[in-house]
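Heads up, the thing below is written out as structure tokens.
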Amino acid sequence: MARDDNDMPDDVATLQALLQDKIKLLIQRERDVHTLVRRVNESNRWMQVVAEISARVGSYHDEQAALDTLAEALAESLGFEYALAVWGDRVSECPSLGAPNGLRELLIGLAAQPYDAGVQLQTWTTGPVRMAFRFAMQSTLVPHESIVVVVARSPRTAEYHTIADETTHARLARLGEQLAQSFDSVRLRREVMRERDSLQDAVIAATLELRAAVRDAESARAAAVHAATARTEFLANMSHEIRTPMTAVLGYAALLQDADLGLATRREYLETITRSGRHLLSLLDDILNLARIESGHLTVNAEPTAVHSLMLELQALLAVKAAEKGLELTVRFATSLPSMMHVDAARLRQILINLIGNSIKFTERGRVAVVASMIGTDRLKIEVIDTGPGIAADKQKLIFEAFEQGNQGMSRSHGGAGLGLAIARKLARLLGGDIAMYSQLGHGSIFTVTVGVAVDADAIWTAAPRVTNENEPAMPIALNALVQGRVLVVDDTPINRNLFSSILVRAGLNVREACNGKEALEMVVAAAQADHPFDMVFMDMQMPVMDGYEATRRIRATVPALPIIALTAHSMAGDRERCLDAGCTEYLAKPIERPELIRMARRFSRTTDAPAVILPFRAPPRSTDRLKANAAVDESVLELMPTFIATLRENIVELERAQQGHDVNEIASIAHRIKGTAATFGYPSISDLAAEVERLAKADASPLANVLPDLLRECRRAV
């Protein structure tokens, strides 16, 4: 008989129900295990992807390449359809967002929105995207710098990704933390590469600089060797140049001690001493001129100049030297010249004397021609053409260098310090021009000097006589015309005042004297108020009570137009300018020779055609027998020589007394007096020592004790 299940006992039904519940629980647990495994696998995949992306990004040192890799990895590896990364002004996108519907503008705008910490989610119900996550990676190296990332899904792919948002938030946050470290690695690599490149550039630059320094050092060494060689030759030549006239000075000075010499013989000896002394002075002038030019303290003073007259004056001056060698010296004007042009006449004269003098010196037969012409209206060209031996091509550049000479053997036979042409070229360049030369061995030389000039619009252009020579002097230099006027001579040393006054009185001037600037100021003011003013003032610049600078400034305030000529033993760079700045009209450096003094007096006074009083020459007084230097052969100097010797004896006694009393102020004052008078009466060595003693005494310097005995010894030798 069949049995109905409903008839089963209750315990069986209960058991079945329990079994079914157990089965359901097992199925749910299996499902949970599968879900957990899937999530673990998904997390592992994310972690692996994150690690790969971080490794790829961190391997770059270029910011844009790292950013492009990040965008590509986000789009391809993490299941996002669009990815955008922004780092400062750099933007990277994957794939290209240039699609319609404004997708790129939408994501760029989302990246630019204010950012809060963490991952942000934004969704849309319409439009090109349905969801977008935005997060930022903050640098630990550069806190103010961050990288903003936006990843998005389109409507087509959004429905397939149902993973919980919070899970995506967590994974993207973890990705951001990991990538921040990767981008810090990019930054570090970038800095390392920049530092490496910088170091490489620095090494290359240092190498190039070192090579340039080595080249410069080699050039400097070669230049130093060349300069040392040139200076050695210069010193040897200068020794020869100085010893030759010095031998004549000492030798003829010794001969003058013979009391039985006739008047004509004495005069001949003294003229030889004078010529030798002037030659020595010209050597010193060359060295000083070169020093002034090199230091940049030589100034150009353009003034109205009659170049016609200047050229003919130089011809008259140098014609005697040319005639002594049987040479013809001619001056020719190839074009018309302005009657007046503005140029520094003194510098132009110095250039031409050097060039013409050189041509005469090195030319043994034939002629020397000087040809002047204008180039346009602002350049003067003067050519000096000779029939001398010529100069070898390899020596033509050297002759314009200081201390260089074209031919050492020829320079020995003709003399010269090797400074003249160097000075001439530098002066020509100061005048806005230059000196060029053409020469061929055996066919003579042509030196061409050009200088810049200024010509007034109303200047008259004239042609001069085409040819003149030493037999047709066009402009003789006459110093024997009487000079008229009232002159004030200011000097604190009586013997200097007496000498200058004697020379000026012989020239026809009415001379008054003052012993310091204060007295000179009072005399000038009184003469002006009495309507009997002075025509000029010869002003010593170094005096007690009131010096010449202060006196000149005060005189200028009272009598503005009065010519004031500075007389000073200071002849270094800047001394002339200092005198002119104080208000002096002109400047003469001691020792001052009679022609210079008379020429300056004639310039600022009235002249007549009557001849000056020329006193006959007479033998020097006995007190000059022990003269050790180049005393000027002038009647006025010879007359005052006994006074100079007597004054020098007094100065020696006073100087010894001041030395014993350690009175440096008195030593400086006495040395100043000796300096001025010794230079005037032909004792340059005493004058130089006195100048050094004065300088050291004013500075209260310790070397004074070594120099002062030398000055006393030289003074005793002179008396």
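Following the order of the structure tokens, chains are lettered A, B, ..., residues in each are numbered from 1, and ligands are numbered from 1.
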Quiz item: Please, which residues of region 134-378 of chain A, numbered as in this document, come out helix (DSSP H, G or I) from DSSP, as a PyMOL selection string?
Solution: chain A and resi 155-158+165-255+263-295+307-324+345-362
Contacts of region 427-443 of chain A at 6 Å or less, counting only C-alpha atoms, minus same-chain residues fewer than 3 places along, as a compact mmCIF listing (two decimals) with N, CA and C atoms, in the first residue's frame?
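Generated output (part36.txt):
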```txt
# COMPACT_ATOMS: atom_id res chain seq x y z
N PRO A 389 117.97 106.36 -47.52
CA PRO A 389 118.26 104.95 -47.84
C PRO A 389 117.02 104.07 -47.90
N GLY A 390 115.88 104.57 -47.41
CA GLY A 390 114.69 103.73 -47.38
C GLY A 390 114.68 102.79 -46.19
N ILE A 391 113.54 102.13 -46.00
CA ILE A 391 113.37 101.23 -44.84
C ILE A 391 112.88 99.89 -45.34
N ALA A 392 113.49 98.81 -44.84
CA ALA A 392 113.10 97.46 -45.25
C ALA A 392 111.65 97.19 -44.86
N ALA A 424 104.93 110.74 -32.54
CA ALA A 424 104.30 111.45 -33.65
C ALA A 424 103.00 110.78 -34.08
N ILE A 446 108.41 108.08 -47.94
CA ILE A 446 107.36 109.10 -47.91
C ILE A 446 106.54 108.88 -46.64
N PHE A 447 106.54 109.86 -45.76
CA PHE A 447 105.70 109.83 -44.56
C PHE A 447 104.53 110.80 -44.78
N THR A 448 103.32 110.29 -44.62
CA THR A 448 102.12 111.09 -44.85
C THR A 448 101.35 111.22 -43.55
N VAL A 449 101.22 112.45 -43.07
CA VAL A 449 100.46 112.71 -41.85
C VAL A 449 99.16 113.42 -42.23
N THR A 450 98.06 112.93 -41.69
CA THR A 450 96.77 113.59 -41.86
C THR A 450 96.23 113.94 -40.48
N VAL A 451 95.60 115.09 -40.36
CA VAL A 451 94.98 115.52 -39.10
C VAL A 451 93.64 116.15 -39.42
N GLY A 452 92.74 116.06 -38.47
CA GLY A 452 91.45 116.70 -38.62
C GLY A 452 91.55 118.19 -38.28
```
Quiz item: So how far away is CA of Ala217 (chain A) from CA of Ala202 (chain A), in Å?
Solution: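 Interatomic distance, CA of Ala202 (chain A) to CA of Ala217 (chain A): 21.4 Å.
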Select from region 561-594 of chain A every residue with an atom at most 8 Å from any atom of region 541-552 of chain A, then for each give the shortest pair of atoms and their distance in Å to one decimal, using only C-alpha atoms, rows by chain and rising number, as a tab-separated table.
```
residue	atom	partner	partner_atom	distance
A:Ile564	CA	A:Thr552	CA	7.4
A:Ala566	CA	A:Met541	CA	6.5
A:Leu567	CA	A:Met541	CA	6.4
A:Thr568	CA	A:Met541	CA	5.8
A:Cys579	CA	A:Tyr549	CA	6.9
A:Ala582	CA	A:Tyr549	CA	5.6
A:Gly583	CA	A:Thr552	CA	6.0
A:Cys584	CA	A:Thr552	CA	6.7
```
Write the residues you've just listed into a file as a PDB file, in the first residue's frame, and include C-alpha atoms for each of them.
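Generated output (selection.pdb):
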```
ATOM      1  CA  ILE A 564      98.707 135.681 -16.868  1.00  0.00           C
ATOM      2  CA  ALA A 566     102.186 130.481 -15.376  1.00  0.00           C
ATOM      3  CA  LEU A 567     105.838 129.760 -14.508  1.00  0.00           C
ATOM      4  CA  THR A 568     106.283 126.407 -12.795  1.00  0.00           C
ATOM      5  CA  CYS A 579      97.215 126.210 -14.287  1.00  0.00           C
ATOM      6  CA  ALA A 582      92.977 128.405 -12.243  1.00  0.00           C
ATOM      7  CA  GLY A 583      92.671 131.140 -14.880  1.00  0.00           C
ATOM      8  CA  CYS A 584      96.154 131.348 -16.407  1.00  0.00           C
TER       9      CYS A 584
END
```
Quiz item: CA of Gly444 (chain A) and CA of Gly366 (chain A) are how many Å apart?
Solution: 10.0 Å
Practice problem: Pick out the residues sitting within 10 Å of Asp688 (chain A), and hand them over as a PyMOL selection string; count only C-alpha atoms, and ignore anything fewer than 6 positions along from it in its own chain. | Solution: chain A and resi 569+674-676+678-679+694+711
Could those residues be written to a file, using C-alpha atoms, as a CSV table (one decimal), in the first residue's frame?
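What ended up in out.csv:
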```
chain,number,residue,atom,x,y,z
A,569,ALA,CA,108.8,123.6,-12.3
A,674,ILE,CA,116.6,125.4,-4.7
A,675,LYS,CA,114.5,123.5,-7.2
A,676,GLY,CA,113.4,126.6,-9.1
A,678,ALA,CA,118.8,125.3,-10.0
A,679,ALA,CA,116.6,124.4,-13.0
A,694,GLU,CA,110.4,118.8,-1.2
A,711,LEU,CA,121.0,117.1,-2.4
```
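Distances to Lys426 (chain A) were evaluated for A:Glu93, A:Glu209, A:Asp21, A:Leu348 using only C-alpha atoms, and the minimum falls at A:Leu348.
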Just the residues within 7 Å of Gln138 (chain A), please, counting only C-alpha atoms, with nothing from its chain fewer than 4 positions along; format it as a compact mmCIF listing (two decimals) with N, CA and C atoms, in the first residue's frame.
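What follows is the written file part-v3.txt:
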```
# COMPACT_ATOMS: atom_id res chain seq x y z
N PRO A 143 55.87 72.04 -2.94
CA PRO A 143 54.51 71.96 -2.41
C PRO A 143 53.49 72.80 -3.19
N GLU A 145 53.27 73.18 -6.28
CA GLU A 145 53.08 72.69 -7.65
C GLU A 145 52.33 71.36 -7.60
N SER A 146 51.27 71.22 -8.39
CA SER A 146 50.49 69.98 -8.42
C SER A 146 50.15 69.62 -9.86
N ILE A 147 49.79 68.32 -10.06
CA ILE A 147 49.37 67.81 -11.36
C ILE A 147 47.91 67.39 -11.23
N ALA A 180 52.41 60.78 -7.31
CA ALA A 180 53.07 61.97 -6.78
C ALA A 180 54.55 61.69 -6.55
```
Quiz item: Residues at most 8 Å from Ala302 (chain A), counting only C-alpha atoms, excluding those fewer than 4 positions away in the same chain, as an NGL selection string?
Solution: :A and (342-345)
Just to be explicit: take each residue in the selection above, keep C-alpha atoms, and write the result as a PDB file, in the first residue's frame.
```
ATOM      1  CA  HIS A 342      91.497 125.338 -36.166  1.00  0.00           C
ATOM      2  CA  VAL A 343      94.075 122.762 -35.087  1.00  0.00           C
ATOM      3  CA  ASP A 344      96.448 122.160 -32.171  1.00  0.00           C
ATOM      4  CA  ALA A 345      99.426 124.031 -33.639  1.00  0.00           C
TER       5      ALA A 345
END
```
Quiz item: What is the distance, in Å and to one decimal place, between CA of Val537 (chain A) and CA of Glu650 (chain A)?
Solution: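 Atom-to-atom, CA of Val537 (chain A) and CA of Glu650 (chain A) are spaced 28.8 Å apart.
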Exercise. Counting only C-alpha atoms, figure out which residue out of A:Leu250, A:Ala264, A:Ala306, A:Ile686 gets nearest to Met340 (chain A).
Key: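 Using only C-alpha atoms, Met340 (chain A) sits closest to A:Ala306.
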Practice problem: Please run DSSP on the backbone and report, as a list in words, all residues within region 485-518 of chain A that come out as strand (DSSP E or B). | Solution: Arg486, Val487, Leu488, Val489, Val490, Asn510, Val511, Arg512, Glu513 and Ala514 of chain A
Exercise. Can you pull out every residue within 12 Å of Thr126 (chain A), counting only C-alpha atoms, but drop anything in the same chain fewer than 4 positions away, and send it as an MDAnalysis selection string?
Key: chainID A and resid 101 130:131 154:156
